[in-house]
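Enquirer: So I've got this file, model_33.txt, and it contains compact mmCIF, C-alpha atoms:
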# COMPACT_ATOMS: atom_id res chain seq x y z
CA MET I 1 20.36 -20.39 13.15
CA THR I 2 20.80 -19.94 9.47
CA GLU I 3 21.18 -16.43 8.28
CA LYS I 4 18.12 -15.16 6.46
CA THR I 5 18.53 -14.94 2.75
CA LYS I 6 18.81 -11.33 1.74
CA ARG I 7 16.38 -10.16 -0.88
CA LYS I 8 17.86 -9.13 -4.15
CA PRO I 9 17.37 -5.37 -4.54
CA LYS I 10 14.86 -4.49 -7.19
CA SER I 11 16.11 -2.66 -10.22
CA SER I 12 14.85 0.90 -10.65
CA GLN I 13 11.90 1.27 -13.02
CA LEU I 14 12.43 5.03 -13.37
CA PRO I 15 14.16 4.75 -16.80
CA PHE I 16 11.21 2.72 -18.14
CA ALA I 17 8.77 5.27 -16.73
CA LEU I 18 10.60 8.17 -18.34
CA ALA I 19 10.78 6.33 -21.66
CA LEU I 20 7.06 5.62 -21.49
CA VAL I 21 6.24 9.27 -20.73
CA ILE I 22 8.36 10.44 -23.67
CA ALA I 23 6.71 7.86 -25.95
CA LEU I 24 3.24 8.97 -24.84
CA VAL I 25 4.08 12.63 -25.43
CA VAL I 26 5.37 11.86 -28.92
CA PHE I 27 2.37 9.65 -29.68
CA GLY I 28 -0.04 12.27 -28.33
CA ASN I 29 1.57 14.96 -30.47
CA TRP I 30 1.24 12.70 -33.53
CA LEU I 31 -2.43 12.10 -32.74
CA PHE I 32 -3.01 15.82 -32.27
CA GLY I 33 -1.73 16.41 -35.79
CA ILE I 34 -4.26 13.90 -37.14
CA ASN I 35 -7.22 14.80 -34.94
CA PRO I 36 -7.04 16.91 -31.73
CA THR I 37 -9.98 14.97 -30.28
CA LEU I 38 -7.92 11.77 -30.33
CA ALA I 39 -5.12 13.44 -28.37
CA ILE I 40 -7.60 14.76 -25.80
CA ALA I 41 -9.14 11.30 -25.49
CA LEU I 42 -5.66 9.82 -24.92
CA ALA I 43 -4.93 12.38 -22.18
CA PHE I 44 -8.23 11.70 -20.43
CA GLY I 45 -7.70 7.94 -20.73
CA ILE I 46 -4.25 8.16 -19.14
CA ALA I 47 -5.54 10.39 -16.35
CA PHE I 48 -8.52 8.12 -15.72
CA GLY I 49 -6.29 5.04 -15.64
CA TYR I 50 -3.91 6.72 -13.19
CA VAL I 51 -6.78 7.62 -10.86
CA LEU I 52 -8.12 4.05 -11.05
CA GLN I 53 -4.72 2.57 -10.28
CA ARG I 54 -3.92 4.86 -7.37
CA SER I 55 -7.38 4.66 -5.80
CA ARG I 56 -7.82 0.90 -6.46
CA PHE I 57 -11.34 1.84 -7.51
CA CYS I 58 -13.25 -1.24 -8.66
CA PHE I 59 -16.97 -1.93 -8.92
CA THR I 60 -16.39 -5.62 -8.26
CA ALA I 61 -14.75 -4.91 -4.91
CA ALA I 62 -17.50 -2.41 -4.10
CA PHE I 63 -20.14 -5.14 -4.33
CA ARG I 64 -17.99 -8.03 -3.10
CA ASP I 65 -16.14 -6.63 -0.08
CA PRO I 66 -19.23 -5.90 2.07
CA TRP I 67 -20.06 -9.62 2.02
CA LEU I 68 -16.54 -11.03 2.26
CA THR I 69 -14.78 -8.63 4.59
CA GLY I 70 -17.47 -6.24 5.77
CA SER I 71 -15.61 -3.24 4.34
CA THR I 72 -17.84 -0.76 2.50
CA SER I 73 -15.29 1.97 1.76
CA LEU I 74 -15.34 1.27 -1.98
CA ALA I 75 -19.12 0.79 -1.99
CA ARG I 76 -19.54 4.21 -0.41
CA ALA I 77 -17.07 5.68 -2.89
CA VAL I 78 -19.22 4.33 -5.74
CA VAL I 79 -22.31 5.91 -4.18
CA VAL I 80 -20.54 9.27 -3.90
CA ALA I 81 -19.34 9.00 -7.51
CA ILE I 82 -22.88 8.28 -8.71
CA ALA I 83 -24.22 11.21 -6.68
CA LEU I 84 -21.68 13.60 -8.21
CA ALA I 85 -22.43 12.25 -11.69
CA THR I 86 -26.14 12.71 -11.02
CA VAL I 87 -25.62 16.42 -10.36
CA GLY I 88 -23.58 16.93 -13.53
CA PHE I 89 -25.76 14.89 -15.86
CA THR I 90 -28.95 16.42 -14.46
CA LEU I 91 -27.67 19.91 -15.31
CA ILE I 92 -26.69 18.84 -18.82
CA LYS I 93 -29.97 17.05 -19.51
CA TYR I 94 -32.15 19.73 -17.95
CA LYS I 95 -30.44 22.46 -19.99
CA ALA I 96 -31.22 20.49 -23.16
CA PHE I 97 -34.81 20.00 -21.95
CA LEU I 98 -35.30 23.75 -21.38
CA GLY I 99 -33.85 24.51 -24.80
CA GLU I 100 -36.27 22.00 -26.38
CA GLN I 101 -33.27 20.08 -27.70
CA THR I 102 -32.72 16.34 -27.83
CA ILE I 103 -31.85 15.20 -24.31
CA PRO I 104 -28.43 13.49 -24.50
CA GLY I 105 -28.10 9.91 -23.35
CA MET I 106 -31.75 8.94 -23.78
CA HIS I 107 -30.71 5.96 -25.89
CA SER I 108 -29.16 4.54 -22.71
CA VAL I 109 -32.51 4.38 -20.93
CA GLY I 110 -32.96 0.62 -21.15
CA ALA I 111 -36.05 -1.47 -20.72
CA ILE I 112 -36.59 -3.22 -17.39
CA GLY I 113 -37.10 -6.74 -18.67
CA ILE I 114 -35.74 -10.28 -18.68
CA PRO I 115 -32.50 -9.39 -20.55
CA LEU I 116 -31.63 -6.79 -17.90
CA VAL I 117 -32.10 -9.27 -15.05
CA LEU I 118 -30.21 -12.08 -16.78
CA GLY I 119 -27.44 -9.76 -17.94
CA GLY I 120 -27.00 -8.29 -14.47
CA ILE I 121 -26.71 -11.71 -12.86
CA MET I 122 -24.32 -13.05 -15.50
CA PHE I 123 -22.13 -9.96 -15.42
CA GLY I 124 -22.09 -9.92 -11.63
CA VAL I 125 -21.05 -13.56 -11.40
CA GLY I 126 -18.49 -13.13 -14.17
CA MET I 127 -16.78 -10.10 -12.70
CA VAL I 128 -16.46 -11.75 -9.28
CA ILE I 129 -14.92 -14.88 -10.83
CA ALA I 130 -12.61 -12.77 -13.01
CA GLY I 131 -11.64 -10.60 -10.05
CA GLY I 132 -12.55 -7.32 -11.70
CA CYS I 133 -15.12 -5.36 -13.64
CA ALA I 134 -14.32 -3.74 -17.00
CA SER I 135 -12.49 -0.77 -15.47
CA GLY I 136 -10.69 -2.89 -12.88
CA THR I 137 -9.63 -5.40 -15.53
CA LEU I 138 -8.21 -2.69 -17.80
CA MET I 139 -6.36 -1.17 -14.88
CA ARG I 140 -4.81 -4.48 -13.85
CA VAL I 141 -3.84 -5.29 -17.43
CA GLY I 142 -1.85 -2.06 -17.36
CA GLU I 143 -0.19 -3.29 -14.16
CA GLY I 144 0.85 -6.52 -15.88
CA PHE I 145 -1.53 -9.05 -14.32
CA GLN I 146 -1.54 -12.00 -16.73
CA MET I 147 -4.84 -13.44 -15.51
CA GLN I 148 -6.57 -10.14 -16.26
CA ILE I 149 -5.29 -10.28 -19.83
CA ILE I 150 -7.22 -13.55 -20.23
CA SER I 151 -10.28 -11.91 -18.61
CA LEU I 152 -10.02 -8.96 -21.00
CA PHE I 153 -9.85 -11.28 -24.02
CA PHE I 154 -13.00 -13.13 -23.05
CA PHE I 155 -14.65 -9.84 -22.07
CA MET I 156 -14.18 -8.69 -25.67
CA VAL I 157 -15.40 -12.05 -27.03
CA GLY I 158 -18.50 -11.86 -24.83
CA SER I 159 -19.17 -8.27 -25.88
CA LEU I 160 -19.02 -9.18 -29.57
CA TRP I 161 -21.27 -12.17 -28.96
CA GLY I 162 -23.70 -9.94 -27.08
CA VAL I 163 -23.86 -7.43 -29.92
CA HIS I 164 -24.48 -10.28 -32.37
CA ASP I 165 -27.41 -11.58 -30.28
CA LEU I 166 -28.78 -8.14 -29.36
CA PRO I 167 -31.69 -8.23 -31.86
CA PHE I 168 -32.97 -11.42 -30.20
CA TRP I 169 -32.78 -9.95 -26.71
CA ASN I 170 -34.55 -6.80 -27.90
CA THR I 171 -37.52 -8.93 -28.98
CA LEU I 172 -37.96 -9.91 -25.32
CA ASN I 173 -38.17 -6.24 -24.36
CA THR I 174 -41.06 -5.36 -26.64
CA ASN I 175 -43.51 -4.77 -23.79
CA ALA I 176 -40.96 -4.03 -21.05
CA PRO I 177 -41.24 -0.54 -19.50
CA LYS I 178 -38.58 2.14 -19.89
CA ILE I 179 -38.53 4.37 -16.82
CA PHE I 180 -36.98 7.85 -16.95
CA LEU I 181 -37.60 9.42 -13.54
CA PRO I 182 -38.10 13.03 -14.78
CA ASP I 183 -40.94 11.78 -17.00
CA VAL I 184 -42.60 10.22 -13.95
CA PHE I 185 -41.95 12.71 -11.14
CA GLY I 186 -40.69 15.83 -12.88
CA TRP I 187 -37.09 17.02 -12.91
CA GLY I 188 -36.89 18.48 -9.41
CA LEU I 189 -38.59 15.65 -7.55
CA ALA I 190 -36.74 13.01 -9.60
CA PHE I 191 -33.42 14.57 -8.58
CA VAL I 192 -34.43 14.67 -4.91
CA ILE I 193 -35.65 11.05 -4.96
CA GLN I 194 -32.42 9.80 -6.52
CA MET I 195 -30.22 11.72 -4.09
CA LEU I 196 -32.25 10.51 -1.10
CA ALA I 197 -32.01 6.92 -2.37
CA LEU I 198 -28.22 7.25 -2.73
CA PHE I 199 -27.96 8.80 0.73
CA ALA I 200 -29.95 5.87 2.15
CA VAL I 201 -27.64 3.38 0.45
CA TYR I 202 -24.63 5.26 1.83
CA LEU I 203 -26.00 5.11 5.38
CA ILE I 204 -26.80 1.39 5.05
CA ALA I 205 -23.23 0.74 3.85
CA TYR I 206 -21.84 2.89 6.68
CA TYR I 207 -23.64 1.01 9.41
CA TRP I 208 -23.05 -2.35 7.72
CA GLN I 209 -19.30 -1.86 8.04
CA LYS I 210 -19.70 -0.57 11.57
CA LYS I 211 -21.63 -3.70 12.49
CA ARG I 212 -19.32 -6.16 10.71
CA MET I 213 -15.96 -4.61 11.51
CA GLY I 214 -16.70 -2.37 14.47
CA GLU I 215 -15.24 0.64 12.68
CA VAL I 216 -15.81 2.87 9.71
CA GLU I 217 -13.00 4.14 7.54
Starting from the file, lay out its structure as structure tokens.

Expert:
Amino acid sequence: MTEKTKRKPKSSQLPFALALVIALVVFGNWLFGINPTLAIALAFGIAFGYVLQRSRFCFTAAFRDPWLTGSTSLARAVVVAIALATVGFTLIKYKAFLGEQTIPGMHSVGAIGIPLVLGGIMFGVGMVIAGGCASGTLMRVGEGFQMQIISLFFFMVGSLWGVHDLPFWNTLNTNAPKIFLPDVFGWGLAFVIQMLALFAVYLIAYYWQKKRMGEVE
């Protein structure tokens, strides 16, 4: 029997990590001198990227894995994240509502029309082919995945193209409804309905994995 070829030991990446940390600290300090908000944004971006990388959190996998492998761990994590965000954003918006102030984020309440359906399908197909959503792509670019660099480039090209064609798509939404649940059900009932819907999705995902894989993580 031939002796197995020994793997060449990998060189330590600790010096590169330390150099990167020092560079980020220096860069953050420089940004703070220009505008403290930029330095805070950099810190949050680094923290958010670290959490994404360590958790392997990806919306693509959350929607893809239940069909391919039966695993719904990421899908359930997305549901929990949305539930937590619902609590926070409801408090922020309701406080503004009580103070008769402009409710933040209302510009993001989009019309339910043809552009939404087409955009959802195209984005869903694209992120599965690319192997990552926007957050997953950015995270993998930071890890050095070359294919994700190509995906990021075309993601930016598509975004610019979308902004250019946005006036046309808005003409298709002229009569499309915009639904903001508190306007329909009131703040309390809207919150309860959303949380119950998320809980139902969580249970469906739980039992889907149990049925497909015989276990739940």

Enquirer: May I ask for the distance between atom CA of I:Val128 and atom CA of I:Ile150, given in Å to one decimal place?

Expert: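 So the answer is 14.4 Å.
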
Enquirer: Select, from I:Ala61, I:Leu68, I:Val117, I:Val87, the residue with the minimum atom-to-atom distance to I:Ala130, counting only C-alpha atoms.

Expert: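 Comparing I:Ala61, I:Leu68, I:Val117, I:Val87 against I:Ala130, the winner is I:Ala61.
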
Enquirer: Between I:Leu84, I:Ser108, I:Gly113, I:Val25, which is the closest to I:Thr174 once you count all atoms listed in the file?

Expert: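 Ranking I:Leu84, I:Ser108, I:Gly113, I:Val25 by distance to I:Thr174, first place goes to I:Gly113.
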
Enquirer: Find the residues around stretch 42-47 of chain I up to 10 Å (only C-alpha atoms counted), leave out those fewer than 2 positions away in its own chain, and share them as a PyMOL selection string.

Expert: chain I and resi 24-25+27-28+31-32+36-40+49-53

Enquirer: Give me a file of those residues, with C-alpha atoms, as a CSV table (one decimal), in the coordinates of the input.

Expert:
chain,number,residue,atom,x,y,z
I,24,LEU,CA,3.2,9.0,-24.8
I,25,VAL,CA,4.1,12.6,-25.4
I,27,PHE,CA,2.4,9.6,-29.7
I,28,GLY,CA,0.0,12.3,-28.3
I,31,LEU,CA,-2.4,12.1,-32.7
I,32,PHE,CA,-3.0,15.8,-32.3
I,36,PRO,CA,-7.0,16.9,-31.7
I,37,THR,CA,-10.0,15.0,-30.3
I,38,LEU,CA,-7.9,11.8,-30.3
I,39,ALA,CA,-5.1,13.4,-28.4
I,40,ILE,CA,-7.6,14.8,-25.8
I,49,GLY,CA,-6.3,5.0,-15.6
I,50,TYR,CA,-3.9,6.7,-13.2
I,51,VAL,CA,-6.8,7.6,-10.9
I,52,LEU,CA,-8.1,4.0,-11.0
I,53,GLN,CA,-4.7,2.6,-10.3

Enquirer: Using all atoms listed in the file, can you tell me which of I:Lys178, I:Phe185, I:Ala205, I:Ala200 comes closest to I:His107?

Expert: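 Smallest separation from I:His107 among the options: I:Lys178.
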
Enquirer: Which residues, written as an mmCIF file with C-alpha atoms, keeping the file's coordinate frame, have at least one atom at most 12 Å from I:Arg140, with all atoms listed in the file counted and residues fewer than 3 positions away on the same chain left out?

Expert:
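Writing the result to result.cif gives the following:
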data_model
loop_
_atom_site.group_PDB
_atom_site.id
_atom_site.type_symbol
_atom_site.label_atom_id
_atom_site.label_comp_id
_atom_site.auth_asym_id
_atom_site.auth_seq_id
_atom_site.Cartn_x
_atom_site.Cartn_y
_atom_site.Cartn_z
ATOM 1 C CA GLY I 49 -6.290 5.040 -15.640
ATOM 2 C CA TYR I 50 -3.910 6.720 -13.190
ATOM 3 C CA LEU I 52 -8.120 4.050 -11.050
ATOM 4 C CA GLN I 53 -4.720 2.570 -10.280
ATOM 5 C CA ARG I 54 -3.920 4.860 -7.370
ATOM 6 C CA ARG I 56 -7.820 0.900 -6.460
ATOM 7 C CA PHE I 57 -11.340 1.840 -7.510
ATOM 8 C CA CYS I 58 -13.250 -1.240 -8.660
ATOM 9 C CA ALA I 130 -12.610 -12.770 -13.010
ATOM 10 C CA GLY I 131 -11.640 -10.600 -10.050
ATOM 11 C CA GLY I 132 -12.550 -7.320 -11.700
ATOM 12 C CA CYS I 133 -15.120 -5.360 -13.640
ATOM 13 C CA ALA I 134 -14.320 -3.740 -17.000
ATOM 14 C CA SER I 135 -12.490 -0.770 -15.470
ATOM 15 C CA GLY I 136 -10.690 -2.890 -12.880
ATOM 16 C CA THR I 137 -9.630 -5.400 -15.530
ATOM 17 C CA GLU I 143 -0.190 -3.290 -14.160
ATOM 18 C CA GLY I 144 0.850 -6.520 -15.880
ATOM 19 C CA PHE I 145 -1.530 -9.050 -14.320
ATOM 20 C CA GLN I 146 -1.540 -12.000 -16.730
ATOM 21 C CA MET I 147 -4.840 -13.440 -15.510
ATOM 22 C CA GLN I 148 -6.570 -10.140 -16.260
ATOM 23 C CA ILE I 149 -5.290 -10.280 -19.830
ATOM 24 C CA ILE I 150 -7.220 -13.550 -20.230
ATOM 25 C CA SER I 151 -10.280 -11.910 -18.610
ATOM 26 C CA LEU I 152 -10.020 -8.960 -21.000
#

Enquirer: Rank I:Met127, I:Met106, I:Met195, I:Met213 by their smallest atom-to-atom distance to I:Trp67, using only C-alpha atoms, and report the top residue only.

Expert: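 Going through I:Met127, I:Met106, I:Met195, I:Met213 one by one, the smallest distance to I:Trp67 is for I:Met213.
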
Enquirer: Could you list, as a list of chain:residue names, every residue within 12 Å of I:Val192, counting all atoms listed in the file and ignoring same-chain residues fewer than 2 positions away?

Expert: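 My reading of the contact set: I:Ala83, I:Thr86, I:Val87, I:Thr90, I:Leu181, I:Pro182, I:Phe185, I:Gly186, I:Trp187, I:Gly188, I:Leu189, I:Ala190, I:Gln194, I:Met195, I:Leu196, I:Ala197, I:Leu198, I:Phe199.
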
Enquirer: What separation in Å, quoted to one decimal, exists between atom CA of I:Val125 and atom CA of I:Pro177?

Expert: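 Calculated distance between atom CA of I:Val125 and atom CA of I:Pro177 is 25.4 Å.
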
Enquirer: Padding of 6 Å on every side, edges along x, y and z, all listed atoms of stretch 66-77 of chain I included: what centre and edge lengths in Å, to one decimal, does that box have, as AutoDock Vina command-line options?

Expert:
--center_x -17.4 --center_y -2.7 --center_z 1.4 --size_x 17.3 --size_y 28.7 --size_z 20.7

Enquirer: Which is closer to I:Thr60 than all the others in I:Trp161, I:Phe89, I:Phe16, I:Phe123, using all atoms listed in the file?

Expert: I:Phe123

Enquirer: Can you work out the spacing between atom CA of I:Gln209 and atom CA of I:Val78 in Å, to one decimal?

Expert: 15.1 Å

Enquirer: Between I:Ala96, I:Gly88, I:Val21, I:Ile112, which has the minimum distance to I:Asn175 (counting all atoms listed in the file)?

Expert: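 Smallest distance to I:Asn175 is found for I:Ile112.
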